[in-house]
>>> print(open('model24.cif').read())   # mmCIF, C-alpha atoms
data_target
loop_
_atom_site.label_atom_id
_atom_site.label_comp_id
_atom_site.auth_asym_id
_atom_site.auth_seq_id
_atom_site.Cartn_x
_atom_site.Cartn_y
_atom_site.Cartn_z
CA MET M 298 -69.71 -130.23 -14.27
CA ARG M 299 -71.51 -132.66 -16.57
CA VAL M 300 -73.67 -130.86 -19.07
CA GLY M 301 -76.03 -132.65 -21.44
CA ILE M 302 -76.97 -130.77 -24.60
CA LEU M 303 -80.46 -131.48 -25.90
CA GLY M 304 -80.54 -130.01 -29.39
CA SER M 305 -77.31 -129.40 -31.24
CA GLY M 306 -78.23 -126.61 -33.61
CA LEU M 307 -76.78 -123.10 -33.59
CA MET M 308 -77.25 -122.43 -29.88
CA GLY M 309 -76.74 -125.95 -28.55
CA GLY M 310 -73.74 -126.64 -30.78
CA LYS M 311 -71.97 -123.43 -29.87
CA LEU M 312 -72.78 -123.41 -26.16
CA GLY M 313 -71.80 -127.07 -25.85
CA THR M 314 -68.48 -126.28 -27.51
CA LEU M 315 -67.90 -123.37 -25.12
CA PHE M 316 -68.92 -125.38 -22.05
CA THR M 317 -66.33 -127.96 -23.17
CA ARG M 318 -63.66 -125.30 -23.56
CA ALA M 319 -64.55 -124.02 -20.10
CA GLY M 320 -63.62 -127.46 -18.77
CA HIS M 321 -66.99 -129.18 -18.45
CA GLU M 322 -67.87 -132.70 -19.55
CA VAL M 323 -70.36 -132.36 -22.39
CA VAL M 324 -72.64 -134.79 -24.24
CA PHE M 325 -74.06 -133.45 -27.52
CA SER M 326 -77.36 -135.00 -28.51
CA TYR M 327 -80.41 -134.63 -30.75
CA ALA M 328 -79.43 -133.56 -34.24
CA ARG M 329 -81.09 -134.51 -37.49
CA ARG M 330 -77.91 -136.22 -38.62
CA PRO M 331 -75.89 -138.17 -36.00
CA GLU M 332 -72.66 -137.35 -37.87
CA LYS M 333 -73.16 -133.76 -36.80
CA LEU M 334 -72.98 -134.75 -33.14
CA ASP M 335 -69.74 -136.65 -33.76
CA ARG M 336 -68.28 -133.66 -35.54
CA LEU M 337 -69.31 -131.25 -32.78
CA ALA M 338 -67.79 -133.48 -30.12
CA ARG M 339 -64.57 -133.92 -32.09
CA GLU M 340 -64.20 -130.21 -32.84
CA ALA M 341 -65.02 -129.18 -29.27
CA GLY M 342 -62.08 -131.29 -28.12
CA GLY M 343 -61.64 -131.76 -24.39
CA ASN M 344 -64.21 -133.83 -22.62
CA ALA M 345 -67.03 -133.86 -25.19
CA ARG M 346 -68.82 -136.74 -26.83
CA ALA M 347 -71.88 -137.51 -28.90
CA GLY M 348 -74.78 -139.43 -27.45
CA THR M 349 -78.51 -139.96 -27.36
CA PRO M 350 -80.76 -137.57 -25.39
CA GLY M 351 -81.05 -140.33 -22.80
CA GLU M 352 -77.26 -140.53 -22.49
CA ALA M 353 -77.02 -136.74 -22.36
CA ALA M 354 -79.51 -136.64 -19.50
CA ARG M 355 -78.38 -139.65 -17.50
CA ASP M 356 -75.56 -138.27 -15.33
CA ALA M 357 -75.94 -134.60 -16.16
CA ASP M 358 -75.63 -131.91 -13.50
CA ALA M 359 -77.34 -129.60 -15.96
CA LEU M 360 -79.23 -130.10 -19.20
CA LEU M 361 -79.22 -127.41 -21.85
CA LEU M 362 -82.52 -127.52 -23.71
CA ALA M 363 -81.89 -125.91 -27.08
CA VAL M 364 -84.45 -127.29 -29.50
CA HIS M 365 -87.17 -125.58 -31.49
CA TRP M 366 -90.34 -125.28 -29.43
CA SER M 367 -92.13 -127.77 -31.68
CA ARG M 368 -89.52 -130.41 -30.69
CA ILE M 369 -89.80 -130.09 -26.91
CA GLU M 370 -92.12 -133.04 -26.46
CA ASP M 371 -90.09 -135.28 -28.72
CA VAL M 372 -86.72 -134.51 -27.13
CA LEU M 373 -88.11 -134.87 -23.60
CA GLN M 374 -89.55 -138.27 -24.46
CA GLN M 375 -86.17 -139.36 -25.78
CA ALA M 376 -84.38 -137.94 -22.74
CA GLY M 377 -86.46 -140.08 -20.36
CA ASP M 378 -86.79 -139.32 -16.67
CA VAL M 379 -85.44 -135.85 -15.87
CA SER M 380 -86.65 -135.71 -12.26
CA GLY M 381 -84.15 -133.92 -10.07
CA LYS M 382 -82.35 -132.42 -13.05
CA VAL M 383 -81.62 -128.76 -13.62
CA ILE M 384 -82.82 -127.85 -17.12
CA VAL M 385 -81.43 -124.63 -18.52
CA SER M 386 -83.76 -123.77 -21.37
CA CYS M 387 -83.01 -121.37 -24.19
CA SER M 388 -85.98 -122.45 -26.29
CA LEU M 389 -88.28 -119.56 -27.12
CA PRO M 390 -91.88 -120.67 -27.67
CA MET M 391 -92.03 -119.76 -31.39
CA ASN M 392 -94.49 -120.91 -34.01
CA ALA M 393 -93.36 -123.14 -36.90
CA ASP M 394 -92.45 -120.11 -39.04
CA ASP M 395 -90.40 -118.52 -36.24
CA THR M 396 -92.43 -115.35 -36.70
CA GLU M 397 -94.13 -115.09 -33.32
CA LEU M 398 -94.46 -116.46 -29.83
CA VAL M 399 -97.14 -119.11 -29.37
CA VAL M 400 -97.09 -118.58 -25.59
CA ALA M 401 -96.68 -115.14 -24.05
CA HIS M 402 -98.06 -112.52 -21.70
CA THR M 403 -100.21 -114.83 -19.53
CA SER M 404 -97.56 -117.54 -19.47
CA SER M 405 -94.15 -118.25 -20.99
CA GLY M 406 -92.33 -121.07 -22.68
CA ALA M 407 -90.30 -121.57 -19.52
CA GLU M 408 -93.39 -121.88 -17.31
CA GLU M 409 -95.05 -124.31 -19.72
CA LEU M 410 -91.89 -126.39 -19.77
CA ALA M 411 -91.81 -126.41 -15.96
CA LYS M 412 -95.38 -127.75 -15.93
CA ARG M 413 -94.36 -130.47 -18.36
CA VAL M 414 -91.42 -131.67 -16.20
CA PRO M 415 -92.62 -131.01 -12.62
CA GLY M 416 -89.79 -133.02 -11.07
CA ALA M 417 -87.07 -130.97 -12.72
CA THR M 418 -85.78 -127.47 -12.06
CA VAL M 419 -86.24 -125.18 -15.05
CA ILE M 420 -84.05 -122.12 -15.52
CA SER M 421 -84.62 -119.82 -18.48
CA ALA M 422 -81.34 -118.53 -19.93
CA PHE M 423 -79.30 -118.06 -23.11
CA ASN M 424 -82.42 -117.03 -25.03
CA THR M 425 -81.73 -113.30 -25.17
CA ILE M 426 -78.57 -113.27 -27.28
CA PRO M 427 -78.01 -114.45 -30.85
CA SER M 428 -75.77 -117.48 -31.36
CA GLU M 429 -73.56 -115.36 -33.63
CA VAL M 430 -72.15 -113.44 -30.68
CA LEU M 431 -71.22 -116.39 -28.48
CA PHE M 432 -67.67 -117.08 -29.63
CA ALA M 433 -66.67 -113.42 -29.68
CA VAL M 434 -67.95 -112.94 -26.12
CA PHE M 435 -66.12 -116.08 -24.98
CA GLU M 436 -62.87 -114.81 -26.53
CA ALA M 437 -63.33 -111.46 -24.77
CA ARG M 438 -64.08 -112.99 -21.37
CA GLY M 439 -60.88 -111.58 -19.88
CA ASN M 440 -61.99 -107.99 -20.51
CA ALA M 441 -62.84 -105.67 -17.65
CA THR M 442 -66.52 -105.52 -18.57
CA ARG M 443 -68.63 -108.35 -19.84
CA PRO M 444 -72.00 -108.30 -21.56
CA SER M 445 -74.98 -109.22 -19.40
CA LEU M 446 -77.16 -112.28 -19.74
CA VAL M 447 -80.48 -112.43 -17.94
CA TYR M 448 -81.77 -115.65 -16.45
CA CYS M 449 -84.68 -116.55 -14.22
CA GLY M 450 -86.01 -119.48 -12.25
CA ASP M 451 -87.62 -120.49 -8.99
CA THR M 452 -84.84 -122.51 -7.35
CA GLY M 453 -81.75 -120.98 -5.82
CA SER M 454 -79.45 -123.96 -6.42
CA GLY M 455 -80.55 -124.29 -10.05
CA LYS M 456 -80.01 -120.60 -10.59
CA GLN M 457 -76.50 -120.77 -9.12
CA LEU M 458 -75.68 -123.54 -11.53
CA ALA M 459 -77.07 -121.60 -14.50
CA ALA M 460 -75.17 -118.49 -13.38
CA ARG M 461 -71.94 -120.49 -13.37
CA LEU M 462 -72.54 -121.72 -16.93
CA ILE M 463 -73.32 -118.17 -18.02
CA ARG M 464 -70.11 -116.92 -16.42
CA ASP M 465 -68.14 -119.78 -17.96
CA VAL M 466 -69.00 -118.65 -21.48
CA GLY M 467 -68.03 -115.03 -20.83
CA PHE M 468 -71.23 -113.26 -19.80
CA ASP M 469 -72.16 -111.51 -16.59
CA PRO M 470 -75.22 -113.35 -15.21
CA VAL M 471 -78.11 -111.05 -14.27
CA ASP M 472 -80.74 -112.61 -12.03
CA ALA M 473 -84.11 -111.40 -13.33
CA GLY M 474 -86.13 -113.15 -10.63
CA GLN M 475 -88.66 -115.93 -10.70
CA LEU M 476 -89.51 -118.13 -13.67
CA ARG M 477 -92.60 -116.08 -14.45
CA ILE M 478 -90.30 -113.21 -15.46
CA ALA M 479 -89.69 -115.30 -18.60
CA ARG M 480 -92.89 -113.57 -19.76
CA TYR M 481 -90.65 -110.52 -20.15
CA THR M 482 -87.30 -112.13 -20.99
CA GLU M 483 -88.74 -114.17 -23.87
CA PRO M 484 -90.16 -111.12 -25.71
CA PHE M 485 -86.87 -109.37 -24.89
CA GLY M 486 -85.17 -112.25 -26.73
CA LEU M 487 -87.28 -111.40 -29.76
CA LEU M 488 -86.34 -107.74 -29.45
CA VAL M 489 -82.66 -108.66 -29.48
CA ALA M 490 -83.28 -110.93 -32.48
CA GLN M 491 -85.02 -108.06 -34.25
CA LEU M 492 -82.04 -105.75 -33.63
CA ALA M 493 -79.55 -108.47 -34.55
CA TYR M 494 -81.14 -109.69 -37.75
CA GLU M 495 -83.21 -106.74 -38.98
CA GLY M 496 -81.19 -103.82 -37.65
CA GLU M 497 -77.96 -102.36 -38.94
CA GLY M 498 -74.58 -103.63 -37.83
CA GLY M 499 -74.89 -107.40 -38.03
CA PRO M 500 -75.98 -110.15 -35.68
CA GLU M 501 -72.99 -110.18 -33.28
CA LEU M 502 -75.11 -108.36 -30.73
CA ALA M 503 -75.03 -108.47 -26.94
CA TYR M 504 -76.34 -106.17 -24.25
CA ARG M 505 -75.16 -104.85 -20.95
CA PHE M 506 -77.15 -103.47 -18.03
CA GLU M 507 -75.36 -100.64 -16.28
CA ARG M 508 -76.06 -98.46 -13.30
CA TYR M 509 -75.53 -94.73 -13.56
CA GLY M 510 -75.10 -91.98 -11.02
CA LYS M 511 -74.97 -92.60 -7.28
CA MET W 43 -88.35 -77.79 -31.11
CA ARG W 44 -91.65 -77.35 -29.31
CA VAL W 45 -92.45 -80.28 -27.08
CA GLY W 46 -95.76 -80.69 -25.28
CA ILE W 47 -95.72 -82.90 -22.20
CA LEU W 48 -98.96 -84.79 -21.57
CA GLY W 49 -98.63 -86.17 -18.07
CA SER W 50 -96.20 -84.58 -15.65
CA GLY W 51 -95.39 -87.42 -13.29
CA LEU W 52 -92.01 -89.06 -12.83
CA MET W 53 -91.27 -89.63 -16.51
CA GLY W 54 -93.01 -86.59 -17.97
CA GLY W 55 -91.68 -84.22 -15.32
CA LYS W 56 -88.09 -85.37 -15.70
CA LEU W 57 -88.06 -85.68 -19.48
CA GLY W 58 -89.72 -82.29 -19.86
CA THR W 59 -87.06 -80.76 -17.62
CA LEU W 60 -84.29 -82.38 -19.67
CA PHE W 61 -85.85 -81.37 -22.99
CA THR W 62 -85.89 -77.81 -21.63
CA ARG W 63 -82.24 -78.02 -20.61
CA ALA W 64 -81.45 -79.35 -24.09
CA GLY W 65 -82.85 -76.09 -25.46
CA HIS W 66 -86.37 -77.03 -26.46
CA GLU W 67 -89.54 -75.08 -25.75
CA VAL W 68 -91.62 -77.17 -23.37
CA VAL W 69 -95.20 -77.01 -22.09
CA PHE W 70 -95.89 -79.16 -19.02
CA SER W 71 -99.49 -80.28 -18.70
CA TYR W 72 -101.83 -82.73 -17.00
CA ALA W 73 -101.01 -83.10 -13.34
CA ARG W 74 -103.40 -83.72 -10.46
CA ARG W 75 -102.40 -80.40 -8.91
CA PRO W 76 -101.81 -77.46 -11.28
CA GLU W 77 -99.23 -76.00 -8.84
CA LYS W 78 -97.02 -78.94 -9.76
CA LEU W 79 -96.93 -77.85 -13.39
CA ASP W 80 -95.92 -74.32 -12.36
CA ARG W 81 -93.19 -75.70 -10.15
CA LEU W 82 -91.87 -78.00 -12.89
CA ALA W 83 -91.80 -75.14 -15.39
CA ARG W 84 -90.07 -72.79 -12.93
CA GLU W 85 -87.46 -75.36 -11.91
CA ALA W 86 -86.78 -76.44 -15.49
CA GLY W 87 -85.83 -72.84 -16.25
CA GLY W 88 -85.22 -71.94 -19.87
CA ASN W 89 -88.16 -71.99 -22.18
CA ALA W 90 -90.66 -74.00 -20.15
CA ARG W 91 -94.15 -73.17 -19.03
CA ALA W 92 -97.25 -74.78 -17.57
CA GLY W 93 -100.40 -75.20 -19.61
CA THR W 94 -103.44 -77.29 -20.37
CA PRO W 95 -103.15 -80.43 -22.51
CA GLY W 96 -104.75 -78.42 -25.31
CA GLU W 97 -102.08 -75.73 -24.98
CA ALA W 98 -99.36 -78.37 -24.80
CA ALA W 99 -100.63 -79.90 -28.04
CA ARG W 100 -101.45 -76.78 -30.02
CA ASP W 101 -98.12 -75.80 -31.60
CA ALA W 102 -96.09 -78.83 -30.58
CA ASP W 103 -93.63 -80.44 -32.96
CA ALA W 104 -93.73 -83.46 -30.69
CA LEU W 105 -95.99 -84.57 -27.86
CA LEU W 106 -94.64 -86.73 -25.07
CA LEU W 107 -97.44 -88.97 -23.81
CA ALA W 108 -96.48 -89.95 -20.27
CA VAL W 109 -99.68 -90.80 -18.43
CA HIS W 110 -100.85 -94.01 -16.82
CA TRP W 111 -102.60 -96.21 -19.37
CA SER W 112 -105.93 -95.69 -17.62
CA ARG W 113 -105.63 -91.95 -18.33
CA ILE W 114 -104.98 -92.12 -22.07
CA GLU W 115 -108.56 -91.45 -23.10
CA ASP W 116 -108.96 -88.56 -20.69
CA VAL W 117 -105.73 -86.78 -21.62
CA LEU W 118 -106.36 -87.22 -25.35
CA GLN W 119 -109.82 -85.71 -24.98
CA GLN W 120 -108.33 -82.74 -23.18
CA ALA W 121 -105.57 -82.40 -25.76
CA GLY W 122 -108.08 -82.03 -28.59
CA ASP W 123 -107.19 -82.59 -32.23
CA VAL W 124 -103.77 -84.21 -32.56
CA SER W 125 -103.94 -84.89 -36.29
CA GLY W 126 -100.57 -84.41 -37.92
CA LYS W 127 -98.76 -84.51 -34.58
CA VAL W 128 -95.89 -86.79 -33.65
CA ILE W 129 -96.74 -88.49 -30.38
CA VAL W 130 -93.83 -90.05 -28.54
CA SER W 131 -95.44 -92.42 -26.08
CA CYS W 132 -93.77 -93.87 -23.02
CA SER W 133 -97.02 -95.20 -21.53
CA LEU W 134 -96.90 -98.92 -20.90
CA PRO W 135 -100.34 -100.55 -21.05
CA MET W 136 -100.47 -101.55 -17.38
CA ASN W 137 -103.47 -102.52 -15.27
CA ALA W 138 -104.62 -100.32 -12.40
CA ASP W 139 -102.31 -102.09 -9.93
CA ASP W 140 -99.29 -101.72 -12.23
CA THR W 141 -98.73 -105.45 -11.91
CA GLU W 142 -99.21 -106.56 -15.52
CA LEU W 143 -99.77 -105.53 -19.09
CA VAL W 144 -103.40 -105.32 -20.18
CA VAL W 145 -102.37 -105.43 -23.84
CA ALA W 146 -99.52 -107.60 -25.08
CA HIS W 147 -98.37 -110.33 -27.42
CA THR W 148 -101.09 -109.91 -30.08
CA SER W 149 -100.98 -106.12 -29.87
CA SER W 150 -99.24 -103.43 -27.86
CA GLY W 151 -100.08 -100.24 -26.07
CA ALA W 152 -98.41 -98.29 -28.86
CA GLU W 153 -100.49 -99.98 -31.58
CA GLU W 154 -103.72 -99.44 -29.65
CA LEU W 155 -102.82 -95.79 -29.20
CA ALA W 156 -102.13 -95.48 -32.94
CA LYS W 157 -105.60 -96.86 -33.65
CA ARG W 158 -107.09 -94.31 -31.27
CA VAL W 159 -105.38 -91.33 -33.00
CA PRO W 160 -105.21 -92.39 -36.66
CA GLY W 161 -104.23 -88.90 -37.85
CA ALA W 162 -101.18 -88.74 -35.62
CA THR W 163 -97.80 -90.42 -35.82
CA VAL W 164 -97.10 -92.63 -32.81
CA ILE W 165 -93.55 -93.46 -31.78
CA SER W 166 -92.93 -95.74 -28.81
CA ALA W 167 -89.93 -94.61 -26.75
CA PHE W 168 -88.68 -93.80 -23.25
CA ASN W 169 -90.57 -96.78 -21.81
CA THR W 170 -87.61 -99.09 -21.30
CA ILE W 171 -85.66 -97.14 -18.68
CA PRO W 172 -86.65 -96.12 -15.15
CA SER W 173 -87.13 -92.42 -14.49
CA GLU W 174 -84.50 -92.68 -11.75
CA VAL W 175 -81.68 -92.96 -14.28
CA LEU W 176 -82.62 -89.99 -16.48
CA PHE W 177 -80.70 -87.19 -14.79
CA ALA W 178 -77.53 -89.24 -14.34
CA VAL W 179 -77.54 -90.22 -18.02
CA PHE W 180 -78.10 -86.60 -19.03
CA GLU W 181 -75.17 -85.47 -16.89
CA ALA W 182 -72.97 -88.15 -18.47
CA ARG W 183 -73.95 -87.30 -22.05
CA GLY W 184 -70.43 -86.10 -22.88
CA ASN W 185 -68.95 -89.55 -22.18
CA ALA W 186 -67.53 -91.66 -24.99
CA THR W 187 -70.25 -94.28 -24.71
CA ARG W 188 -73.90 -93.68 -24.00
CA PRO W 189 -76.59 -96.08 -22.88
CA SER W 190 -79.02 -97.24 -25.56
CA LEU W 191 -82.70 -96.44 -25.79
CA VAL W 192 -84.89 -98.43 -28.15
CA TYR W 193 -87.74 -96.80 -30.05
CA CYS W 194 -90.07 -97.94 -32.80
CA GLY W 195 -92.65 -96.52 -35.15
CA ASP W 196 -93.95 -96.64 -38.69
CA THR W 197 -92.99 -93.17 -39.97
CA GLY W 198 -89.46 -92.15 -40.85
CA SER W 199 -89.88 -88.45 -40.06
CA GLY W 200 -91.52 -89.16 -36.70
CA LYS W 201 -88.77 -91.59 -35.84
CA GLN W 202 -86.09 -89.02 -36.69
CA LEU W 203 -87.75 -86.57 -34.36
CA ALA W 204 -87.96 -89.13 -31.57
CA ALA W 205 -84.32 -90.08 -32.14
CA ARG W 206 -83.32 -86.46 -31.73
CA LEU W 207 -85.17 -86.18 -28.42
CA ILE W 208 -83.56 -89.41 -27.25
CA ARG W 209 -80.12 -88.09 -28.18
CA ASP W 210 -80.86 -84.75 -26.53
CA VAL W 211 -81.33 -86.38 -23.14
CA GLY W 212 -78.11 -88.39 -23.36
CA PHE W 213 -79.06 -91.77 -24.80
CA ASP W 214 -78.03 -93.48 -28.02
CA PRO W 215 -81.24 -94.07 -30.00
CA VAL W 216 -81.64 -97.64 -31.26
CA ASP W 217 -84.22 -98.09 -34.02
CA ALA W 218 -86.07 -101.31 -33.24
CA GLY W 219 -88.25 -101.18 -36.35
CA GLN W 220 -91.97 -100.82 -36.88
CA LEU W 221 -94.53 -99.94 -34.26
CA ARG W 222 -95.56 -103.59 -33.89
CA ILE W 223 -92.14 -104.24 -32.32
CA ALA W 224 -93.62 -102.48 -29.26
CA ARG W 225 -94.98 -105.99 -28.54
CA TYR W 226 -91.38 -106.78 -27.57
CA THR W 227 -90.17 -103.41 -26.29
CA GLU W 228 -93.06 -103.04 -23.83
CA PRO W 229 -92.37 -106.37 -22.06
CA PHE W 230 -88.68 -105.40 -22.20
CA GLY W 231 -89.66 -102.26 -20.30
CA LEU W 232 -91.14 -104.50 -17.62
CA LEU W 233 -87.97 -106.57 -17.52
CA VAL W 234 -85.91 -103.43 -16.93
CA ALA W 235 -88.38 -102.35 -14.23
CA GLN W 236 -88.03 -105.77 -12.60
CA LEU W 237 -84.23 -105.46 -12.56
CA ALA W 238 -84.39 -101.82 -11.40
CA TYR W 239 -86.90 -102.19 -8.60
CA GLU W 240 -86.64 -105.84 -7.56
CA GLY W 241 -82.99 -106.56 -8.32
CA GLU W 242 -79.89 -105.59 -6.41
CA GLY W 243 -78.12 -102.31 -7.01
CA GLY W 244 -80.88 -99.74 -7.12
CA PRO W 245 -83.12 -98.28 -9.79
CA GLU W 246 -80.56 -96.12 -11.66
CA LEU W 247 -80.46 -98.71 -14.39
CA ALA W 248 -79.83 -98.32 -18.10
CA TYR W 249 -78.78 -100.73 -20.82
CA ARG W 250 -76.49 -100.71 -23.79
CA PHE W 251 -76.52 -102.86 -26.90
CA GLU W 252 -73.03 -103.65 -28.12
CA ARG W 253 -71.59 -105.54 -31.03
CA TYR W 254 -68.74 -107.97 -30.43
CA GLY W 255 -66.12 -109.47 -32.68
CA LYS W 256 -65.78 -108.56 -36.36
#
>>> encode(input="model24.cif", output="structure tokens")
Amino acid sequence: MRVGILGSGLMGGKLGTLFTRAGHEVVFSYARRPEKLDRLAREAGGNARAGTPGEAARDADALLLAVHWSRIEDVLQQAGDVSGKVIVSCSLPMNADDTELVVAHTSSGAEELAKRVPGATVISAFNTIPSEVLFAVFEARGNATRPSLVYCGDTGSGKQLAARLIRDVGFDPVDAGQLRIARYTEPFGLLVAQLAYEGEGGPELAYRFERYGK
Amino acid sequence: MRVGILGSGLMGGKLGTLFTRAGHEVVFSYARRPEKLDRLAREAGGNARAGTPGEAARDADALLLAVHWSRIEDVLQQAGDVSGKVIVSCSLPMNADDTELVVAHTSSGAEELAKRVPGATVISAFNTIPSEVLFAVFEARGNATRPSLVYCGDTGSGKQLAARLIRDVGFDPVDAGQLRIARYTEPFGLLVAQLAYEGEGGPELAYRFERYGK
């Protein structure tokens, strides 16, 4: 699969590296310093390279949107036409201080994004786990049980694609339903962040849904 | 411990039964039909009885508030003075149709409740798991790993008490921080409900936070 990474910070950099290791063709884009993209591509090895957001988007089967909410407009403008693309977004709609959601309850970041790019398929994923846990989960992907990762969206084919990427990096994809469920998954992402960064035990935190009884 | 149950529906009825089995003295109160309270108390065995909300509150070390959001005012009026009490609330602030939160994002049900009863200590708990999973988790409480249950509140002693009740029914209590974190835990409760009732696999759903690596 060809995966374009829009935003090469903690989440985008790590997920792009893991998508590369899982055998996908990855283009890293959109960092403050272009050298960082080169370094990410070099260190990811395999089939990764640095590029512009437009290059990342051009032939992508999936785009990972991993920028701060305040950068969405800018990165989308640089990416150009994304009609027909599957956009997997892990951007939580946070204010500039990262202290609270600027969209919630009556809408979600994912739904607002979908309105902004009506020709694309938006899937909300990778926004409920801290970046610090990604490599450890990837390394443990052969274990009998995997941590869960919730995702949601309105299009079956786009969701299948997101589920594959989630599986590729070592998580068990959990379909939470339609894109509007991002109104719950996005605050859940903040709950996980609270436990990871403010709780005891460090930020390498993941979660697992399990059924009991029966 | 003496635990008063305000609201004896699915959550209140089951948790009151399990608190009784865990050795606590329980008063079931506030059901549409008083016979239901008698039945719950009889079936719980041990040290359980039926009573009015006022009786449930009178000598309680902890009150479990488990009514529909629309009933909060009514049950509190019937309970009388709750100053100095620890109220463990599992009431999500849902509309009459149970389709969405009526308070969220800029406040939470738990914070609004705390404003309503300023002399009491409000702890938000037991609102992120479906009632269907409670008995199975209780039965499995001897297992090596337990499912998590997040709780939050502003008072250390109240939180300790809530943590004990959580542990008593078979979960691993996870301190999510101050009461304002209910802005995240309440939508998380709706996410779990979505997975339990709309997802595949049935409603006997619990979750577990786990740390990886290190």
>>> closest_atom_pairs(input="model24.cif", of="region 54-137 of chain W", to="region 167-179 of chain W", cutoff="7 Å", atoms="all atoms listed in the file", output="Markdown table")
| residue | atom | partner | partner_atom | distance |
| --- | --- | --- | --- | --- |
| W:Val130 | CA | W:Ala167 | CA | 6.3 |
| W:Ser131 | CA | W:Ala167 | CA | 6.0 |
| W:Cys132 | CA | W:Asn169 | CA | 4.5 |
| W:Ser133 | CA | W:Asn169 | CA | 6.6 |
| W:Leu134 | CA | W:Asn169 | CA | 6.7 |
>>> resolve_selection(input="model24.cif", expression="the PyMOL selection byres ((chain W) within 10 of (chain M))", output="JSON, numbers by chain")
{"W": [142, 143, 144, 145, 146, 147, 148, 174, 175, 176, 177, 178, 179, 181, 182, 189, 190, 192, 216, 217, 218, 219, 223, 224, 225, 226, 227, 228, 229, 230, 231, 232, 233, 234, 236, 237, 238, 240, 241, 242, 243, 244, 245, 246, 247, 248, 249, 250, 251, 252, 253, 254, 255, 256]}
>>> residues_around(input="model24.cif", residues="region 86-103 of chain W", least_positions_apart="5", cutoff="6 Å", atoms="all atoms listed in the file", output="PyMOL selection string")
chain W and resi 44-46+59+67-71+79-80+120-122
>>> axis_aligned_box(input="model24.cif", around="region 208-217 of chain W", padding_each_side="8 Å", output="lines of an AutoDock Vina configuration file")
center_x = -81.1
center_y = -91.4
center_z = -28.6
size_x = 22.2
size_y = 29.3
size_z = 26.9
>>> atom_distance(input="model24.cif", atom1="CA of Lys333 (chain M)", atom2="CA of Phe316 (chain M)")
17.5 Å
>>> resolve_selection(input="model24.cif", expression="the PyMOL selection byres ((chain M and resi 453) around 12)", output="list in words")
Val383, Thr418, Val419, Ile420, Tyr448, Cys449, Gly450, Asp451, Thr452, Ser454, Gly455, Lys456, Gln457, Leu458, Ala459, Ala460, Asp472, Gly474, Gln475 and Leu476 of chain M
>>> resolve_selection(input="model24.cif", expression="the PyMOL selection byres ((chain M and resi 417) around 6)", output="count of residues only")
8
>>> atom_distance(input="model24.cif", atom1="CA of Arg63 (chain W)", atom2="CA of Phe180 (chain W)")
9.7 Å
>>> closest_residue(input="model24.cif", among="W:Gly58, W:Gly212, W:Gly65, W:Pro135", to="Arg113 (chain W)", atoms="all atoms listed in the file")
W:Pro135
>>> atom_distance(input="model24.cif", atom1="CA of Leu315 (chain M)", atom2="CA of Ser421 (chain M)")
18.3 Å
>>> closest_residue(input="model24.cif", among="W:Val211, W:Ala156, W:Asn185, W:Gly55", to="Ile114 (chain W)", atoms="all atoms listed in the file")
W:Ala156
>>> residues_around(input="model24.cif", residues="Asp210 (chain W)", least_positions_apart="3", cutoff="8 Å", atoms="all atoms listed in the file", output="JSON, numbers by chain")
{"W": [61, 64, 206, 207, 213]}
>>> write_last_selection(input="model24.cif", atoms="C-alpha atoms", output="PDB file, keeping the file's coordinate frame")
ATOM      1  CA  PHE W  61     -85.850 -81.370 -22.990  1.00  0.00           C
ATOM      2  CA  ALA W  64     -81.450 -79.350 -24.090  1.00  0.00           C
ATOM      3  CA  ARG W 206     -83.320 -86.460 -31.730  1.00  0.00           C
ATOM      4  CA  LEU W 207     -85.170 -86.180 -28.420  1.00  0.00           C
ATOM      5  CA  PHE W 213     -79.060 -91.770 -24.800  1.00  0.00           C
TER       6      PHE W 213
END
>>> build_atoms(input="model24.cif", residues="region 486-493 of chain M", atoms="N, CA and C atoms", output="mmCIF file, keeping the file's coordinate frame")
data_model
loop_
_atom_site.group_PDB
_atom_site.id
_atom_site.type_symbol
_atom_site.label_atom_id
_atom_site.label_comp_id
_atom_site.auth_asym_id
_atom_site.auth_seq_id
_atom_site.Cartn_x
_atom_site.Cartn_y
_atom_site.Cartn_z
ATOM 1 N N GLY M 486 -85.956 -111.457 -25.781
ATOM 2 C CA GLY M 486 -85.170 -112.250 -26.730
ATOM 3 C C GLY M 486 -85.558 -111.949 -28.172
ATOM 4 N N LEU M 487 -86.838 -111.745 -28.399
ATOM 5 C CA LEU M 487 -87.280 -111.400 -29.760
ATOM 6 C C LEU M 487 -86.863 -109.988 -30.145
ATOM 7 N N LEU M 488 -86.835 -109.092 -29.173
ATOM 8 C CA LEU M 488 -86.340 -107.740 -29.450
ATOM 9 C C LEU M 488 -84.874 -107.789 -29.868
ATOM 10 N N VAL M 489 -84.071 -108.544 -29.131
ATOM 11 C CA VAL M 489 -82.660 -108.660 -29.480
ATOM 12 C C VAL M 489 -82.510 -109.287 -30.866
ATOM 13 N N ALA M 490 -83.321 -110.300 -31.154
ATOM 14 C CA ALA M 490 -83.280 -110.930 -32.480
ATOM 15 C C ALA M 490 -83.622 -109.919 -33.569
ATOM 16 N N GLN M 491 -84.622 -109.105 -33.303
ATOM 17 C CA GLN M 491 -85.020 -108.060 -34.250
ATOM 18 C C GLN M 491 -83.841 -107.116 -34.527
ATOM 19 N N LEU M 492 -83.174 -106.666 -33.462
ATOM 20 C CA LEU M 492 -82.040 -105.750 -33.630
ATOM 21 C C LEU M 492 -80.870 -106.454 -34.315
ATOM 22 N N ALA M 493 -80.695 -107.737 -33.999
ATOM 23 C CA ALA M 493 -79.550 -108.470 -34.550
ATOM 24 C C ALA M 493 -79.739 -108.787 -36.028
#
